[in-house]
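What follows is the content of structure27.tsv, which has TSV, C-alpha atoms:
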```tsv
chain	number	residue	atom	x	y	z
A	1	MET	CA	230.35	51.63	28.51
A	2	ARG	CA	229.07	48.52	30.31
A	3	ILE	CA	230.30	45.00	29.65
A	4	PHE	CA	228.90	41.85	31.24
A	5	THR	CA	231.67	39.50	32.36
A	6	SER	CA	232.42	36.38	34.35
A	7	ALA	CA	233.39	36.65	38.04
A	8	ILE	CA	236.04	39.28	38.82
A	9	LYS	CA	238.88	38.46	41.20
A	10	GLY	CA	241.61	40.94	41.97
A	11	ASN	CA	242.05	44.39	40.46
A	12	VAL	CA	242.89	43.38	36.88
A	13	TYR	CA	240.46	41.81	34.40
A	14	VAL	CA	241.16	40.63	30.87
A	15	LEU	CA	238.50	40.76	28.17
A	16	ASP	CA	238.80	38.37	25.26
A	17	GLY	CA	236.60	36.88	22.55
A	18	ASP	CA	233.42	38.77	21.69
A	19	SER	CA	233.77	41.15	24.64
A	20	HIS	CA	237.23	42.20	23.52
A	21	ARG	CA	236.14	42.64	19.92
A	22	HIS	CA	233.15	44.71	20.99
A	23	VAL	CA	235.25	47.02	23.17
A	24	ALA	CA	238.33	47.30	20.94
A	25	TYR	CA	236.79	47.29	17.47
A	26	ALA	CA	233.04	47.99	17.60
A	27	LEU	CA	233.36	50.75	20.21
A	28	ARG	CA	236.90	51.74	19.14
A	29	SER	CA	238.01	52.14	22.73
A	30	ARG	CA	241.43	53.44	23.61
A	31	VAL	CA	243.87	53.02	26.48
A	32	GLY	CA	242.75	55.29	29.31
A	33	ASP	CA	239.02	54.97	28.55
A	34	LYS	CA	236.75	54.21	31.49
A	35	ILE	CA	234.71	51.00	31.42
A	36	THR	CA	232.19	49.38	33.76
A	37	LEU	CA	232.39	45.61	34.18
A	38	CYS	CA	229.31	43.74	35.40
A	39	PRO	CA	229.86	40.16	36.62
A	40	GLN	CA	226.20	40.01	37.71
A	41	ASP	CA	227.01	39.73	41.40
A	42	GLY	CA	225.17	42.89	42.45
A	43	PHE	CA	228.17	45.17	41.97
A	44	ASP	CA	229.62	47.32	39.20
A	45	TYR	CA	233.39	47.30	38.77
A	46	ILE	CA	234.57	50.60	37.34
A	47	GLY	CA	237.95	50.45	35.68
A	48	VAL	CA	240.30	51.96	33.14
A	49	ILE	CA	241.54	50.25	30.00
A	50	GLU	CA	245.24	49.63	30.56
A	51	LYS	CA	246.21	47.73	27.42
A	52	ILE	CA	244.69	46.64	24.11
A	53	THR	CA	246.28	43.95	21.93
A	54	ALA	CA	245.03	42.04	18.90
A	55	ASP	CA	243.15	39.49	21.02
A	56	ARG	CA	242.57	40.99	24.46
A	57	THR	CA	241.78	44.12	26.42
A	58	THR	CA	243.23	44.56	29.91
A	59	VAL	CA	241.25	46.58	32.46
A	60	ARG	CA	242.51	47.79	35.83
A	61	ILE	CA	239.71	47.97	38.40
A	62	ALA	CA	239.59	51.26	40.25
A	63	GLU	CA	236.28	51.11	42.11
A	64	LYS	CA	233.62	48.63	43.17
A	65	THR	CA	230.10	49.97	43.78
A	66	ARG	CA	226.65	48.56	44.36
A	67	SER	CA	224.77	48.17	41.09
A	68	LEU	CA	222.12	50.88	41.23
A	69	GLY	CA	220.33	49.47	38.21
A	70	GLU	CA	219.15	46.43	40.16
A	71	PRO	CA	215.85	46.65	42.07
A	72	ASP	CA	215.58	45.48	45.65
A	73	ILE	CA	212.40	43.64	44.69
A	74	LYS	CA	212.71	40.53	42.51
A	75	LEU	CA	210.02	40.67	39.86
A	76	THR	CA	209.14	37.75	37.59
A	77	VAL	CA	206.83	38.45	34.65
A	78	CYS	CA	204.98	35.51	33.14
A	79	PHE	CA	203.45	36.42	29.79
A	80	GLY	CA	201.23	34.61	27.34
A	81	ILE	CA	203.09	34.20	24.06
A	82	PRO	CA	201.95	36.91	21.58
A	83	HIS	CA	201.17	35.84	18.04
A	84	LYS	CA	203.83	38.14	16.53
A	85	SER	CA	207.51	37.61	17.28
A	86	GLU	CA	208.25	41.35	17.25
A	87	LYS	CA	205.91	41.73	20.23
A	88	ILE	CA	207.93	39.15	22.14
A	89	ASP	CA	211.09	41.09	21.33
A	90	LEU	CA	209.48	44.30	22.59
A	91	ILE	CA	208.36	42.68	25.83
A	92	ALA	CA	211.87	41.35	26.49
A	93	GLN	CA	213.45	44.74	25.85
A	94	LYS	CA	211.02	46.77	27.96
A	95	MET	CA	210.90	44.29	30.83
A	96	THR	CA	214.69	44.57	31.02
A	97	GLU	CA	214.51	48.36	31.15
A	98	LEU	CA	211.88	48.24	33.89
A	99	GLY	CA	214.03	46.04	36.13
A	100	VAL	CA	212.39	42.63	35.76
A	101	ALA	CA	214.58	39.77	36.99
A	102	TYR	CA	212.95	36.81	35.21
A	103	MET	CA	210.65	36.39	32.22
A	104	GLN	CA	208.54	33.30	31.69
A	105	PRO	CA	206.63	32.87	28.40
A	106	PHE	CA	203.72	30.46	28.57
A	107	THR	CA	200.97	28.84	26.53
A	108	SER	CA	197.36	28.81	27.70
A	109	LYS	CA	193.88	28.16	26.33
A	110	PHE	CA	193.66	31.33	24.25
A	111	VAL	CA	197.32	31.59	23.20
A	112	GLN	CA	197.42	31.14	19.45
A	113	ALA	CA	201.19	31.20	19.00
A	114	SER	CA	203.36	28.11	19.22
A	115	ALA	CA	205.98	27.72	21.94
A	116	LYS	CA	208.44	27.23	19.09
A	117	SER	CA	208.02	30.90	18.14
A	118	VAL	CA	209.90	31.89	21.29
A	119	ARG	CA	213.61	31.99	20.51
A	120	VAL	CA	215.19	32.14	23.93
A	121	ASP	CA	218.69	32.72	22.52
A	122	ARG	CA	217.50	35.75	20.54
A	123	LEU	CA	215.64	37.15	23.54
A	124	ALA	CA	218.74	36.71	25.70
A	125	ARG	CA	220.71	38.88	23.27
A	126	ILE	CA	217.96	41.51	23.27
A	127	CYS	CA	217.99	41.53	27.08
A	128	GLU	CA	221.77	41.90	27.20
A	129	GLU	CA	221.75	44.90	24.86
A	130	ALA	CA	218.89	46.50	26.76
A	131	ALA	CA	220.67	45.86	30.07
A	132	LYS	CA	223.79	47.62	28.80
A	133	GLN	CA	221.76	50.57	27.56
A	134	CYS	CA	219.73	51.13	30.72
A	135	GLY	CA	222.44	50.51	33.31
A	136	ARG	CA	221.41	47.13	34.68
A	137	GLY	CA	223.91	45.11	36.66
A	138	VAL	CA	222.28	41.78	35.81
A	139	ILE	CA	220.89	40.45	32.54
A	140	PRO	CA	217.32	39.20	33.13
A	141	ALA	CA	216.79	35.50	32.55
A	142	VAL	CA	214.34	34.45	29.84
A	143	MET	CA	213.06	30.97	30.56
A	144	PRO	CA	211.90	28.44	27.94
A	145	PRO	CA	208.12	28.45	27.37
A	146	VAL	CA	205.96	26.37	29.69
A	147	ALA	CA	202.28	25.45	29.94
A	148	PHE	CA	199.94	27.53	32.09
A	149	ASP	CA	199.81	24.83	34.78
A	150	GLU	CA	203.52	25.34	35.40
A	151	VAL	CA	202.96	29.07	35.80
A	152	CYS	CA	200.40	28.29	38.51
A	153	ALA	CA	202.94	26.10	40.25
A	154	GLU	CA	205.45	28.96	40.10
A	155	ILE	CA	203.00	31.32	41.80
A	156	LYS	CA	203.48	29.49	45.08
A	157	ASN	CA	207.21	30.31	45.10
A	158	HIS	CA	206.69	34.08	45.49
A	159	ASP	CA	205.65	36.40	48.32
A	160	LEU	CA	203.07	38.10	46.10
A	161	ALA	CA	201.39	37.01	42.87
A	162	ILE	CA	199.46	39.45	40.67
A	163	PHE	CA	197.15	38.01	38.02
A	164	ALA	CA	195.88	40.52	35.46
A	165	TYR	CA	192.37	39.37	34.59
A	166	GLU	CA	190.09	41.26	32.24
A	167	GLU	CA	186.94	39.89	33.91
A	168	GLU	CA	187.88	41.12	37.38
A	169	LYS	CA	185.46	43.99	38.11
A	170	VAL	CA	186.00	44.68	41.81
A	171	VAL	CA	189.66	44.40	42.86
A	172	SER	CA	191.99	46.94	41.28
A	173	LEU	CA	195.75	46.70	40.85
A	174	LYS	CA	196.10	49.88	42.93
A	175	THR	CA	194.23	48.35	45.85
A	176	VAL	CA	196.43	45.26	45.99
A	177	LEU	CA	199.71	47.08	45.51
A	178	ARG	CA	198.95	49.76	48.10
A	179	GLU	CA	198.05	47.00	50.53
A	180	CYS	CA	201.21	44.99	49.93
A	181	ALA	CA	204.01	47.40	48.98
A	182	GLU	CA	204.72	48.49	52.57
A	183	LYS	CA	205.17	44.93	53.82
A	184	SER	CA	208.86	44.24	54.40
A	185	SER	CA	208.19	40.51	54.06
A	186	ILE	CA	207.48	40.87	50.33
A	187	ARG	CA	210.75	40.57	48.41
A	188	SER	CA	209.63	38.42	45.48
A	189	VAL	CA	206.72	39.25	43.16
A	190	VAL	CA	205.34	37.40	40.14
A	191	ALA	CA	203.04	39.09	37.63
A	192	VAL	CA	200.98	37.05	35.18
A	193	VAL	CA	199.65	38.60	31.96
A	194	GLY	CA	197.75	36.84	29.20
A	195	ALA	CA	198.21	37.00	25.44
A	196	GLU	CA	195.78	38.61	23.00
A	197	GLY	CA	192.87	36.38	24.01
A	198	GLY	CA	193.23	36.83	27.76
A	199	PHE	CA	192.38	33.98	30.12
A	200	ALA	CA	189.61	31.44	30.40
A	201	PRO	CA	187.56	31.61	33.64
A	202	GLU	CA	188.89	28.25	34.78
A	203	GLU	CA	192.48	29.50	34.36
A	204	ALA	CA	191.79	32.55	36.51
A	205	ALA	CA	190.17	30.30	39.12
A	206	LYS	CA	193.18	28.00	39.17
A	207	ALA	CA	195.59	30.90	39.55
A	208	ALA	CA	193.52	32.22	42.46
A	209	ASP	CA	193.50	28.76	44.07
A	210	CYS	CA	197.31	28.82	43.89
A	211	GLY	CA	197.42	32.13	45.76
A	212	ALA	CA	197.36	34.76	43.01
A	213	ARG	CA	195.52	38.05	43.50
A	214	CYS	CA	193.29	38.62	40.45
A	215	VAL	CA	193.23	42.32	39.59
A	216	SER	CA	191.77	44.67	37.03
A	217	LEU	CA	194.03	46.90	34.92
A	218	GLY	CA	191.18	49.32	34.27
A	219	SER	CA	188.33	49.73	31.83
A	220	ARG	CA	190.43	50.12	28.70
A	221	ILE	CA	191.46	47.11	26.64
A	222	LEU	CA	195.26	46.97	26.55
A	223	ARG	CA	197.36	45.18	23.99
A	224	ALA	CA	199.27	42.27	25.51
A	225	GLU	CA	202.63	44.02	25.27
A	226	THR	CA	201.18	47.21	26.78
A	227	ALA	CA	199.67	45.28	29.69
A	228	ASN	CA	203.03	43.70	30.48
A	229	MET	CA	204.78	47.06	30.52
A	230	ALA	CA	202.06	48.81	32.50
A	231	LEU	CA	201.90	46.11	35.16
A	232	ALA	CA	205.68	45.89	35.61
A	233	ALA	CA	205.96	49.69	35.81
A	234	ALA	CA	203.17	49.94	38.39
A	235	ILE	CA	204.75	47.25	40.58
A	236	MET	CA	208.16	48.91	40.45
A	237	TYR	CA	206.63	52.28	41.28
A	238	GLU	CA	204.68	51.05	44.27
A	239	PHE	CA	207.70	49.20	45.65
A	240	ASP	CA	209.65	52.48	45.50
A	241	GLU	CA	211.92	51.44	42.66
A	242	TRP	CA	211.45	54.75	40.88
A	243	SER	CA	213.17	56.77	43.59
A	244	ALA	CA	216.79	57.88	43.42
A	245	LYS	CA	219.35	55.55	44.98
A	246	LYS	CA	222.70	56.43	46.45
A	247	ARG	CA	225.88	54.51	45.88
A	248	SER	CA	227.33	52.61	48.80
```
As structure tokens, the full file:
Amino acid sequence: MRIFTSAIKGNVYVLDGDSHRHVAYALRSRVGDKITLCPQDGFDYIGVIEKITADRTTVRIAEKTRSLGEPDIKLTVCFGIPHKSEKIDLIAQKMTELGVAYMQPFTSKFVQASAKSVRVDRLARICEEAAKQCGRGVIPAVMPPVAFDEVCAEIKNHDLAIFAYEEEKVVSLKTVLRECAEKSSIRSVVAVVGAEGGFAPEEAAKAADCGARCVSLGSRILRAETANMALAAAIMYEFDEWSAKKRS
């Protein structure tokens, strides 16, 4: 079992509050059970439950290892807000599983949903559960919704920006990723995907002016949630995040 915690100092850690209740009552853990603590510092702390009382669980740390669930590449996915809340939930869950570090919902010309439909607190809980399930060492951050102009400003803060644009007919995602994935200087990537209506031409032009590479995702029309998953998966694959890692 994996539990996200605050910073760990020393070889004993005490769980209380919701974490204790989850371990002791929801999971019905017992003394001697193994547990992995994740303080989101890039390491997993593997321990054994030493004591369980009414209000706390004491864990003795036995091993500290690099968190293999965390990619070497830092990927931010900016997505146009879908018109159905369950699609937002799905995006948050699957982006977590694929190794995304940050998620940024945004409004743009063709986004029909309101920024108020994005419940960041709910998405944070979805990301935490998904992170536990898939072996992440860090819970991805879901940022409050912003306008498209702020997404363009964010593009400049990354080594590579991919802009999925349905009207791009020449440059493919494969071409850009194969060109960039071998460059050791690229450690931070941002991917921008529109909502159901896609992007207006002037939005694509502005993103390109800010340094984004406009790419095609192929000739088939993808649903917004599918496009997010496909783009994140392709980036992770090309940056060799689908290969086996060894503990160190």
Go through A:Ala224, A:Ala101, A:Val111, A:Val146 one by one, measure the shortest atom-to-atom distance of each to A:Cys127 using only C-alpha atoms, and give the residue with the smallest value.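 Checking each of A:Ala224, A:Ala101, A:Val111, A:Val146 against A:Cys127, counting only C-alpha atoms, the winner is A:Ala101.
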Find the smallest box with edges along x, y and z containing every listed atom of stretch 62-67 of chain A, then add 5 Å on each side and report centre and edge lengths in Å to one decimal, as AutoDock Vina command-line options.
```
--center_x 232.2 --center_y 49.7 --center_z 42.3 --size_x 24.8 --size_y 13.1 --size_z 14.1
```
Please identify every residue of stretch 103-144 of chain A that has at least one atom no farther than 12 Å from an atom of stretch 176-191 of chain A, counting only C-alpha atoms, and for each give the shortest atom pair and the distance in Å to one decimal, arranged by chain then increasing number, as a tab-separated table.
```
residue	atom	partner	partner_atom	distance
A:Met103	CA	A:Val190	CA	9.6
A:Gln104	CA	A:Val190	CA	9.9
A:Pro105	CA	A:Ala191	CA	11.7
```
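Note that the spacing between atom CA of A:Val118 and atom CA of A:Ser216 amounts to 27.2 Å.
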Would you kindly return, as a ChimeraX atom specification, each protein, DNA or RNA residue with an atom no farther than 9 Å from any atom of A:Gln133, considering all atoms listed in the file and excluding same-chain residues fewer than 4 positions away? /A:1-2,97,128-129
At what distance in Å, to one decimal, does atom CA of A:Ile46 lie from atom CA of A:Thr76?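 Answer for the atom CA of A:Thr76 to atom CA of A:Ile46 separation: 28.5 Å.
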Nearest to A:Asp41: which of A:Val138, A:Leu98, A:Ala92, A:Leu123 is it, counting all atoms listed in the file? A:Val138
Ranking A:Ala147, A:Ala124, A:Ala113, A:Leu222 by minimum distance to A:Pro82 and counting all atoms listed in the file, which one comes first?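 Ranked by minimum distance to A:Pro82, first place goes to A:Ala113.
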Residue among A:Thr36, A:Asp16, A:Ala130, A:Phe239 lying closest to A:Thr53, counting only C-alpha atoms: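 Result for the nearest residue to A:Thr53: A:Asp16.
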List as an NGL selection string the protein and nucleic acid residues near A:Phe106, meaning an atom at most 7 Å away when all atoms listed in the file are counted, but skip any in the same chain fewer than 5 places from it. :A and (78-81 or 145-148)
Mind writing the picked residues with C-alpha atoms as a PDB file, in the coordinates of the input?
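Generated output (result_11.pdb):
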```
ATOM      1  CA  CYS A  78     204.980  35.510  33.140  1.00  0.00           C
ATOM      2  CA  PHE A  79     203.450  36.420  29.790  1.00  0.00           C
ATOM      3  CA  GLY A  80     201.230  34.610  27.340  1.00  0.00           C
ATOM      4  CA  ILE A  81     203.090  34.200  24.060  1.00  0.00           C
ATOM      5  CA  PRO A 145     208.120  28.450  27.370  1.00  0.00           C
ATOM      6  CA  VAL A 146     205.960  26.370  29.690  1.00  0.00           C
ATOM      7  CA  ALA A 147     202.280  25.450  29.940  1.00  0.00           C
ATOM      8  CA  PHE A 148     199.940  27.530  32.090  1.00  0.00           C
TER       9      PHE A 148
END
```
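A straight line drawn from atom CA of A:Lys174 to atom CA of A:Val193 is 16.1 Å long.
The nearest approach to A:Thr107 among the residues A:Ala230, A:Ile3, A:Ile235, A:Val192, with all atoms listed in the file taken into account, belongs to A:Val192.
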May I have a table of the residues of stretch 86-201 of chain A lying at most 6 Å from stretch 56-71 of chain A, giving each one's closest pair of atoms and their distance in Å to one decimal, counting only C-alpha atoms, ordered by chain and ascending residue number, as JSON lines?
```
{"residue": "A:Gly135", "atom": "CA", "partner": "A:Gly69", "partner_atom": "CA", "distance": 5.4}
{"residue": "A:Arg136", "atom": "CA", "partner": "A:Gly69", "partner_atom": "CA", "distance": 4.4}
{"residue": "A:Gly137", "atom": "CA", "partner": "A:Ser67", "partner_atom": "CA", "distance": 5.5}
```
